[in-house]
file structure-v1.cif (mmCIF, C-alpha atoms and all ligand atoms)
data_model
#
loop_
_atom_site.label_atom_id
_atom_site.label_comp_id
_atom_site.auth_asym_id
_atom_site.auth_seq_id
_atom_site.Cartn_x
_atom_site.Cartn_y
_atom_site.Cartn_z
CA MET A 1 12.53 2.36 -0.23
CA THR A 2 15.68 4.16 0.92
CA THR A 3 17.73 0.95 0.82
CA ALA A 4 16.30 -0.07 -2.56
CA MET A 5 17.35 3.32 -3.93
CA GLY A 6 20.92 2.98 -2.72
CA GLY A 7 20.71 4.49 0.77
CA GLU A 8 21.50 3.01 4.16
CA ASN A 9 19.09 0.64 5.86
CA HIS A 10 17.65 2.32 8.96
CA TYR A 11 14.21 0.70 8.63
CA PHE A 12 12.95 -1.28 11.61
CA GLY A 13 9.24 -1.34 10.73
CA LYS A 14 7.10 -4.17 9.44
CA GLU A 15 7.69 -5.77 6.06
CA PRO A 16 4.92 -4.89 3.56
CA LEU A 17 3.61 -8.50 3.34
CA LEU A 18 2.98 -8.59 7.10
CA ALA A 19 1.81 -4.95 7.35
CA HIS A 20 -0.96 -5.48 4.76
CA GLY A 21 -2.11 -9.02 5.56
CA HIS A 22 -5.37 -7.78 7.12
CA LEU A 23 -6.08 -5.25 4.36
CA PHE A 24 -8.11 -6.21 1.29
CA ILE A 25 -6.26 -4.18 -1.35
CA THR A 26 -7.39 -4.89 -4.91
CA GLU A 27 -5.27 -4.34 -8.00
CA LYS A 28 -7.55 -1.40 -8.91
CA ILE A 29 -6.86 0.33 -5.57
CA PHE A 30 -3.14 -0.39 -5.89
CA GLU A 31 -3.05 1.18 -9.37
CA LEU A 32 -4.96 4.24 -8.13
CA ARG A 33 -2.47 4.72 -5.27
CA HIS A 34 0.41 4.23 -7.71
CA GLN A 35 -1.07 6.95 -9.96
CA ILE A 36 -1.49 9.32 -6.98
CA LEU A 37 2.12 8.62 -5.98
CA LYS A 38 3.21 9.61 -9.51
CA GLU A 39 1.14 12.82 -9.27
CA CYS A 40 2.79 13.62 -5.91
CA LEU A 41 6.27 13.05 -7.33
CA ASP A 42 5.40 15.37 -10.24
CA ALA A 43 4.00 17.99 -7.85
CA CYS A 44 7.19 17.85 -5.76
CA GLY A 45 9.38 18.31 -8.83
CA VAL A 46 11.14 14.93 -8.50
CA SER A 47 13.30 14.26 -11.58
CA GLU A 48 12.10 11.79 -14.26
CA GLU A 49 15.06 9.51 -13.56
CA LEU A 50 14.38 9.33 -9.82
CA GLN A 51 10.63 8.91 -10.42
CA LYS A 52 11.34 5.98 -12.74
CA SER A 53 13.31 4.07 -10.08
CA TRP A 54 10.86 5.00 -7.30
CA LEU A 55 7.81 3.84 -9.27
CA LYS A 56 9.57 0.66 -10.39
CA ILE A 57 10.39 -0.27 -6.79
CA ASP A 58 6.84 0.63 -5.70
CA LYS A 59 5.46 -1.75 -8.37
CA ALA A 60 7.81 -4.48 -7.16
CA PHE A 61 5.89 -4.49 -3.85
CA LYS A 62 2.55 -5.02 -5.60
CA HIS A 63 2.45 -8.80 -5.12
CA GLN A 64 3.01 -8.32 -1.37
CA VAL A 65 -0.03 -6.08 -0.83
CA VAL A 66 -2.61 -6.93 -3.52
CA LYS A 67 -5.11 -9.76 -3.02
CA ASN A 68 -7.41 -11.32 -5.63
CA LYS A 69 -10.04 -12.25 -3.06
CA ILE A 70 -10.85 -11.27 0.51
CA GLU A 71 -10.22 -14.87 1.67
CA GLU A 72 -6.51 -14.28 1.06
CA CYS A 73 -6.46 -11.75 3.93
CA VAL A 74 -5.49 -12.71 7.48
CA ALA A 75 -7.02 -10.86 10.45
CA ARG A 76 -4.53 -9.49 12.98
CA TYR A 77 -6.84 -9.36 16.00
CA VAL A 78 -10.08 -11.17 16.79
CA ASP A 79 -12.10 -7.92 16.99
CA GLU A 80 -10.56 -6.11 14.04
CA GLY A 81 -11.53 -8.40 11.17
CA ILE A 82 -10.49 -7.66 7.62
CA ILE A 83 -10.33 -4.06 6.46
CA SER A 84 -11.61 -3.62 2.92
CA VAL A 85 -9.96 -0.65 1.19
CA GLU A 86 -12.69 1.02 -0.86
CA MET A 87 -12.26 3.04 -4.03
CA PRO A 88 -12.70 6.75 -3.27
CA ASP A 89 -16.21 8.06 -3.91
CA GLU A 90 -17.02 11.15 -5.94
CA THR A 91 -15.86 13.38 -3.07
CA GLY A 92 -12.39 11.93 -3.56
CA ILE A 93 -12.21 10.74 0.06
CA SER A 94 -11.51 7.08 0.69
CA SER A 95 -12.92 5.55 3.84
CA PRO A 96 -11.69 2.06 4.75
CA ARG A 97 -14.62 0.01 6.02
CA SER A 98 -14.18 -2.80 8.51
CA GLN A 99 -15.78 -6.15 7.68
CA SER A 100 -15.93 -7.89 11.03
CA GLY A 101 -14.83 -11.47 11.40
CA LYS A 102 -14.12 -12.19 7.71
C1 LIG A 201 -3.20 0.83 -2.11
C2 LIG A 201 -2.10 0.32 -1.56
C3 LIG A 201 -1.77 0.43 -0.09
C4 LIG A 201 -2.59 0.65 1.00
C5 LIG A 201 -4.11 0.87 1.00
C6 LIG A 201 -1.75 0.65 2.18
C7 LIG A 201 -2.20 0.84 3.48
C8 LIG A 201 -1.43 0.67 4.61
C9 LIG A 201 -1.91 0.76 5.97
C10 LIG A 201 -3.36 1.07 6.38
C11 LIG A 201 -0.89 0.51 6.79
C12 LIG A 201 -0.90 0.49 8.32
C13 LIG A 201 -1.21 -0.92 8.79
C14 LIG A 201 -1.32 -0.97 10.32
O1 LIG A 201 -2.40 -0.65 10.85
O2 LIG A 201 -0.33 -1.32 10.96
C15 LIG A 201 0.27 0.29 5.96
C16 LIG A 201 1.55 0.00 6.44
C17 LIG A 201 2.65 -0.12 5.66
N1 LIG A 201 2.73 0.04 4.30
FE1 LIG A 201 1.15 0.25 3.04
N2 LIG A 201 -0.45 0.43 1.80
C18 LIG A 201 -0.42 0.28 0.44
C19 LIG A 201 0.69 0.03 -0.34
C20 LIG A 201 1.98 -0.05 0.12
C21 LIG A 201 3.13 -0.26 -0.71
C22 LIG A 201 3.12 -0.42 -2.23
C23 LIG A 201 4.21 -0.30 0.13
C24 LIG A 201 5.66 -0.47 -0.22
C25 LIG A 201 6.24 0.26 -1.16
C26 LIG A 201 3.73 -0.12 1.47
C27 LIG A 201 4.50 -0.12 2.60
C28 LIG A 201 4.03 -0.16 3.90
C29 LIG A 201 4.84 -0.48 5.06
C30 LIG A 201 6.34 -0.78 5.07
C31 LIG A 201 3.98 -0.45 6.17
C32 LIG A 201 4.33 -0.77 7.63
C33 LIG A 201 4.75 0.41 8.43
C34 LIG A 201 5.01 -0.09 9.87
O3 LIG A 201 4.07 -0.20 10.63
O4 LIG A 201 6.15 -0.38 10.20
N3 LIG A 201 2.36 0.04 1.43
N4 LIG A 201 -0.08 0.39 4.64
#
call {"tool": "encode", "arguments": {"input": "structure-v1.cif", "output": "structure tokens", "more": "lines below"}}
Ligand code: HEM
result
Amino acid sequence: MTTAMGGENHYFGKEPLLAHGHLFITEKIFELRHQILKECLDACGVSEELQKSWLKIDKAFKHQVVKNKIEECVARYVDEGIISVEMPDETGISSPRSQSGK
């Protein structure tokens, strides 16, 4: 994100495509997270201009993390399986549930 917004590249972590391969993230979940991100930026008083670029870059990563079906996911470890990211329930707490071996 820092590099995309004009800063220096000090990132040595995983690329989003690889980091989310084992996670079943639907478009609905992605959009919810995106909305929460917007709410956080508002709450932190980030300027409209900066928010616009941040949210645009965030959206640009969508195709790297969202899957249409669980079969598109790739398990990282034999015992871990695919982790299905659930929509939060009425308590507002999301609990990722592991689906072994799929
Ligand atoms: C609803 C959407 C998303 C969910 C549920 C999600 C969830 C996660 C989780 C659980 C991990 C840790 C994976 C592990 O165990 O190693 C992770 C890593 C990561 N996520 Fe996301 N993510 C989402 C969207 C995004 C987006 C849009 C970006 C980019 C803007 C992003 C960037 C990253 C990166 C770079 C890592 C790797 C960090 C590292 O280990 O080096 N994620 N994400």
call {"tool": "closest_residue", "arguments": {"input": "structure-v1.cif", "among": "A:Ile82, A:Ala4, A:Val65, A:Leu50", "to": "ligand LIG 201 (chain A)", "atoms": "all atoms listed in the file"}}
result
A:Val65
call {"tool": "residues_near_ligand", "arguments": {"input": "structure-v1.cif", "ligand": "ligand LIG 201 (chain A)", "cutoff": "6 Å", "atoms": "all atoms listed in the file", "output": "PDB file with C-alpha atoms, keeping the file's coordinate frame"}}
result
ATOM      1  CA  GLY A  13       9.240  -1.340  10.730  1.00  0.00           C
ATOM      2  CA  LYS A  14       7.100  -4.170   9.440  1.00  0.00           C
ATOM      3  CA  GLU A  15       7.690  -5.770   6.060  1.00  0.00           C
ATOM      4  CA  PRO A  16       4.920  -4.890   3.560  1.00  0.00           C
ATOM      5  CA  ALA A  19       1.810  -4.950   7.350  1.00  0.00           C
ATOM      6  CA  HIS A  20      -0.960  -5.480   4.760  1.00  0.00           C
ATOM      7  CA  ILE A  25      -6.260  -4.180  -1.350  1.00  0.00           C
ATOM      8  CA  ILE A  29      -6.860   0.330  -5.570  1.00  0.00           C
ATOM      9  CA  PHE A  30      -3.140  -0.390  -5.890  1.00  0.00           C
ATOM     10  CA  ARG A  33      -2.470   4.720  -5.270  1.00  0.00           C
ATOM     11  CA  ASP A  58       6.840   0.630  -5.700  1.00  0.00           C
ATOM     12  CA  PHE A  61       5.890  -4.490  -3.850  1.00  0.00           C
ATOM     13  CA  LYS A  62       2.550  -5.020  -5.600  1.00  0.00           C
TER      14      LYS A  62
END
call {"tool": "closest_residue", "arguments": {"input": "structure-v1.cif", "among": "A:Ile70, A:Leu23, A:Cys44, A:Ala60", "to": "Met1 of chain A", "atoms": "all atoms listed in the file"}}
result
A:Ala60
call {"tool": "closest_residue", "arguments": {"input": "structure-v1.cif", "among": "A:Val78, A:Val66, A:Cys73, A:Ile83", "to": "Lys28 of chain A", "atoms": "all atoms listed in the file"}}
result
A:Val66
call {"tool": "residues_near_point", "arguments": {"input": "structure-v1.cif", "point": "(3.7, 10.2, -10.6)", "cutoff": "12 Å", "atoms": "all atoms listed in the file", "output": "compact mmCIF listing (two decimals) with C-alpha atoms, keeping the file's coordinate frame"}}
result
# COMPACT_ATOMS: atom_id res chain seq x y z
CA GLU A 31 -3.05 1.18 -9.37
CA LEU A 32 -4.96 4.24 -8.13
CA ARG A 33 -2.47 4.72 -5.27
CA HIS A 34 0.41 4.23 -7.71
CA GLN A 35 -1.07 6.95 -9.96
CA ILE A 36 -1.49 9.32 -6.98
CA LEU A 37 2.12 8.62 -5.98
CA LYS A 38 3.21 9.61 -9.51
CA GLU A 39 1.14 12.82 -9.27
CA CYS A 40 2.79 13.62 -5.91
CA LEU A 41 6.27 13.05 -7.33
CA ASP A 42 5.40 15.37 -10.24
CA ALA A 43 4.00 17.99 -7.85
CA CYS A 44 7.19 17.85 -5.76
CA GLY A 45 9.38 18.31 -8.83
CA VAL A 46 11.14 14.93 -8.50
CA SER A 47 13.30 14.26 -11.58
CA GLU A 48 12.10 11.79 -14.26
CA GLU A 49 15.06 9.51 -13.56
CA LEU A 50 14.38 9.33 -9.82
CA GLN A 51 10.63 8.91 -10.42
CA LYS A 52 11.34 5.98 -12.74
CA SER A 53 13.31 4.07 -10.08
CA TRP A 54 10.86 5.00 -7.30
CA LEU A 55 7.81 3.84 -9.27
CA LYS A 56 9.57 0.66 -10.39
CA ASP A 58 6.84 0.63 -5.70
call {"tool": "atom_distance", "arguments": {"input": "structure-v1.cif", "atom1": "atom CA of Glu86 of chain A", "atom2": "atom CA of Ile57 of chain A"}}
result
23.9 Å
call {"tool": "closest_residue", "arguments": {"input": "structure-v1.cif", "among": "A:Leu18, A:Glu8, A:Thr3, A:Thr26", "to": "Met87 of chain A", "atoms": "all atoms listed in the file"}}
result
A:Thr26
call {"tool": "closest_residue", "arguments": {"input": "structure-v1.cif", "among": "A:Thr2, A:Leu17, A:His22, A:Gly7", "to": "Arg76 of chain A", "atoms": "all atoms listed in the file"}}
result
A:His22
call {"tool": "atom_distance", "arguments": {"input": "structure-v1.cif", "atom1": "atom CA of His10 of chain A", "atom2": "atom CA of Gln64 of chain A"}}
result
20.8 Å
call {"tool": "residues_around", "arguments": {"input": "structure-v1.cif", "residues": "Glu72 of chain A", "least_positions_apart": "5", "cutoff": "9 Å", "atoms": "only C-alpha atoms", "output": "MDAnalysis selection string"}}
result
chainID A and resid 21:22 24 67
call {"tool": "atom_distance", "arguments": {"input": "structure-v1.cif", "atom1": "atom CA of Tyr77 of chain A", "atom2": "atom CA of Lys59 of chain A"}}
result
28.3 Å
